Every structure is written in C-alpha cells, then in structure tokens.
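Chemist: Provided herewith is a single structure, encoded as structure tokens, for subsequent inquiry.
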Amino acid sequence: MNWRSSAGEVPFIPEKRIEQDAELLLAEYARDQGVAVSLPVPIEEVLEVQLKLTFEIDDLRGTFGNPDVLGAIWFKNGLVKVDASLDPHTFPQMLGRFRFTLAHEVGHWRLHRQLYREDPSQAHLFGGHGQPAFVCRSSDKPSVEWQADNFASYALMPKKLVVAAWQEWQGSLDPVILSSLPPATGGGGRDPDNIRLDRFAKPLAERFEVSAEAMRIRLEKLGLLMRERPNTLF
C-alpha cells in the first residue's frame, strides 16, 4: 500500500507497541460502551462510535485514477473512505478485505495522525476535504503501511481471542504442522504451501470475519500454525 503525507517517512514503531495500542483501543471501547469484545471484533463500531470517525464507501479508484486503491483517511475531517469494490453488501466475498481496510485506517489514526501536517493550499481538493493524509493501496508497502497493517491484524485478531478460539477449535494449544495438512490442488500459480495453510485457517478466519490469508499470517506469528516441526533436540 502506498501512502501520501506531508510528514515524511514515519519513525520506527516496535510491533509490541503496535499490538499494545490495538489492545488498548479495544479495552477503551469495551469500557466506554459497557460491552465485552467478542467475535467478530466490531471494527466499524469502534471506528464510528469509539473514535467518532466518519466512514463512507466511495469510488476511490476512480477519484485517484488508480486500480489498486483500497482506502484513504483525512485526519482533519476525521473521515475514512473505503473503495466501493470492497463493499461487502455488494460483494460479500470481500468482507474480510473490507474489515481489514477499516482496521488499517484506524491504525493510521492511532499511530500516525500526530505526524501529519495538512497543506492548506489543497483544501479545495476531494470535495473540499483537501488531500487525504494516506491513500492506501494493495501494492507497495513502505514502513508506514506495514505499521497500519500490523495494527489491523492485532485489532481484528487479538491474541487472547485467537488463542481461545484455537483451543476451542483444536481442543488444545498444540501447533498444527504443514506436513499434516492435505496437499494443495489448483491455486493459479500461488505458493502451494500458502494454499494449504490458508485452507486450514479458513474456518477460524470466518469466525473472525477476516481473510484466510490474514488469519494464516496471524496463526503463524502466534506459533499455532507452523511450516516445519520445531527441532526439540539440543
């Protein structure tokens, strides 16, 4: 995902701090709304009710003349837009991507809004909203976009909820090893190992309303899904 900001490149943020901030946001939402966070994480409500941001679906690809634009955020206006191609009401299969994009923009809001300075000369652009702080795309990932992606992963798939769901699903916290999964068929040139892991992760992904790929990556980070059996010999 590309980005656009007058702040320049963002400083390094450790992943642990990003995870802590995502968990803090969910805790703030639970406290202020008087609810327990359950599956799937209500990211749209977190965005609109907790953070008081405005959310719209729009033809961003047409606006920016780029076929891989997914979302954009305007800090001054507190406005988040997601491209119409991800609208889950029209394209139900895009629900996971839609939710991840929302969480990604929330990540920009939490991690990066203090770094952005608006250019007053561009106030007339984009329906009077001015230039967006970030235009997020499906290609090219500078560090600012990796940070927002990591935030989205932690917000939509918090460790505590993933571990609890895994234990309920698998009956233990033992990891699943790639070699124990059925071989991949088809895939259109995709990495066959990723296909096998994604297919395994899909039932859990559906519970969290994320893509199988996002869930597979999260499970691998947590050590619950492994490509090789760990060597326990010393």
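Labels for the structure tokens follow display order: chains A, B, ..., residues from 1 in each chain, ligands from 1.
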Could you pull the residues within 10 Å of segment 168-177 of chain A, counting only C-alpha atoms, minus those fewer than 3 positions along the same chain, as a list in words?

Modeler: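 So the residues in contact are Val162, Val163, Ala164, Ala165, Ser180, Leu181, Leu197, Phe200, Pro203, Leu204, Leu219, Glu220, Leu222, Gly223, Leu224, Leu225, Met226, Arg227, Glu228, Arg229 and Pro230 of chain A.
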
Chemist: Restricting the output to N, CA and C atoms, write the selected residues as a short mmCIF file (atom, residue, chain, number, x, y, z; two decimals), in the first residue's frame.

Modeler:
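Output file out39.cif is given in full below:
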```cif
data_model
loop_
_atom_site.label_atom_id
_atom_site.label_comp_id
_atom_site.auth_asym_id
_atom_site.auth_seq_id
_atom_site.Cartn_x
_atom_site.Cartn_y
_atom_site.Cartn_z
N VAL A 162 -7.85 -15.10 19.73
CA VAL A 162 -7.38 -16.12 18.79
C VAL A 162 -6.99 -17.40 19.53
N VAL A 163 -6.26 -17.25 20.61
CA VAL A 163 -5.84 -18.43 21.39
C VAL A 163 -7.05 -19.17 21.93
N ALA A 164 -8.04 -18.43 22.44
CA ALA A 164 -9.25 -19.08 22.98
C ALA A 164 -10.01 -19.79 21.88
N ALA A 165 -10.13 -19.17 20.71
CA ALA A 165 -10.85 -19.79 19.61
C ALA A 165 -10.11 -21.01 19.08
N SER A 180 1.15 -32.06 8.03
CA SER A 180 -0.03 -32.84 8.43
C SER A 180 -1.26 -32.46 7.62
N LEU A 181 -1.15 -31.44 6.77
CA LEU A 181 -2.31 -30.95 6.02
C LEU A 181 -2.39 -31.59 4.65
N LEU A 197 -2.08 -23.87 3.96
CA LEU A 197 -2.25 -23.21 5.25
C LEU A 197 -3.49 -22.32 5.27
N PHE A 200 -6.61 -24.43 5.64
CA PHE A 200 -6.77 -24.89 7.02
C PHE A 200 -7.30 -23.76 7.90
N PRO A 203 -11.76 -21.83 8.39
CA PRO A 203 -12.86 -21.86 9.36
C PRO A 203 -12.69 -20.84 10.50
N LEU A 204 -11.46 -20.68 10.96
CA LEU A 204 -11.21 -19.70 12.02
C LEU A 204 -11.32 -18.28 11.45
N LEU A 219 -1.83 -16.73 12.77
CA LEU A 219 -1.57 -18.00 13.43
C LEU A 219 -0.09 -18.37 13.37
N GLU A 220 0.55 -18.06 12.25
CA GLU A 220 1.98 -18.33 12.14
C GLU A 220 2.76 -17.48 13.14
N LEU A 222 1.76 -16.43 15.96
CA LEU A 222 1.50 -16.94 17.30
C LEU A 222 2.09 -18.33 17.53
N GLY A 223 2.67 -18.92 16.49
CA GLY A 223 3.27 -20.24 16.63
C GLY A 223 2.26 -21.36 16.68
N LEU A 224 1.01 -21.09 16.27
CA LEU A 224 -0.02 -22.12 16.27
C LEU A 224 -0.10 -22.86 14.95
N LEU A 225 0.42 -22.25 13.92
CA LEU A 225 0.49 -22.85 12.59
C LEU A 225 1.94 -22.76 12.15
N MET A 226 2.53 -23.93 11.83
CA MET A 226 3.97 -23.96 11.57
C MET A 226 4.27 -24.68 10.26
N ARG A 227 5.28 -24.19 9.56
CA ARG A 227 5.67 -24.81 8.29
C ARG A 227 6.57 -26.02 8.50
N GLU A 228 7.28 -26.04 9.59
CA GLU A 228 8.15 -27.19 9.90
C GLU A 228 8.01 -27.53 11.37
N ARG A 229 8.14 -28.80 11.67
CA ARG A 229 8.10 -29.22 13.07
C ARG A 229 9.33 -28.69 13.78
N PRO A 230 9.15 -28.05 14.94
CA PRO A 230 10.32 -27.48 15.63
C PRO A 230 11.30 -28.56 16.07
#
```

Chemist: Pull the strand (DSSP E) assignments for segment 99-191 of chain A out of DSSP run on the backbone, and list those residues as a ChimeraX atom specification.

Modeler: /A:134-137,176-177

Chemist: Enter the distance from atom CA of Asp87 of chain A to atom CA of Phe55 of chain A, in Å, rounded to one decimal.

Modeler: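 Interatomic distance here is 12.2 Å.
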
Chemist: Have a look at atom CA of Phe64 of chain A and atom CA of Ser143 of chain A and let me know their distance in Å, one decimal.

Modeler: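 Atom CA of Phe64 of chain A sits 21.7 Å away from atom CA of Ser143 of chain A.
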
Chemist: Which is closer to Pro132 of chain A than all the others in A:Val41, A:Val10, A:Leu25, A:Val80, using only C-alpha atoms?

Modeler: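 Between A:Val41, A:Val10, A:Leu25, A:Val80, the residue approaching Pro132 of chain A most closely is A:Val80.
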
Chemist: Residues near Leu156 of chain A, anyone? I mean within 8 Å using only C-alpha atoms, not counting same-chain ones fewer than 5 positions away, as number ranges by chain.

Modeler: A: 40-41, 43, 100, 103, 208, 210

Chemist: Create the file for the chosen residues now, containing N, CA and C atoms and written as a PDB file, in the first residue's frame.

Modeler:
```pdb
ATOM      1  N   PRO A  40     -17.305 -11.427  15.734  1.00  0.00           N
ATOM      2  CA  PRO A  40     -16.088 -10.781  15.229  1.00  0.00           C
ATOM      3  C   PRO A  40     -15.914  -9.407  15.872  1.00  0.00           C
ATOM      4  N   VAL A  41     -14.669  -8.972  16.006  1.00  0.00           N
ATOM      5  CA  VAL A  41     -14.391  -7.662  16.591  1.00  0.00           C
ATOM      6  C   VAL A  41     -15.171  -6.594  15.818  1.00  0.00           C
ATOM      7  N   ILE A  43     -15.234  -3.737  14.359  1.00  0.00           N
ATOM      8  CA  ILE A  43     -14.319  -2.670  13.975  1.00  0.00           C
ATOM      9  C   ILE A  43     -15.040  -1.437  13.433  1.00  0.00           C
ATOM     10  N   PHE A 100     -10.477  -5.490   7.105  1.00  0.00           N
ATOM     11  CA  PHE A 100      -9.051  -5.242   7.305  1.00  0.00           C
ATOM     12  C   PHE A 100      -8.699  -3.814   6.883  1.00  0.00           C
ATOM     13  N   ALA A 103      -9.796  -1.463   9.628  1.00  0.00           N
ATOM     14  CA  ALA A 103      -8.869  -1.554  10.749  1.00  0.00           C
ATOM     15  C   ALA A 103      -7.523  -0.915  10.401  1.00  0.00           C
ATOM     16  N   PHE A 208     -13.731 -14.857  12.669  1.00  0.00           N
ATOM     17  CA  PHE A 208     -13.222 -13.510  12.935  1.00  0.00           C
ATOM     18  C   PHE A 208     -13.585 -12.526  11.822  1.00  0.00           C
ATOM     19  N   VAL A 210     -12.267 -12.290   8.816  1.00  0.00           N
ATOM     20  CA  VAL A 210     -11.059 -11.820   8.142  1.00  0.00           C
ATOM     21  C   VAL A 210     -10.760 -12.788   7.007  1.00  0.00           C
TER      22      VAL A 210
END
```
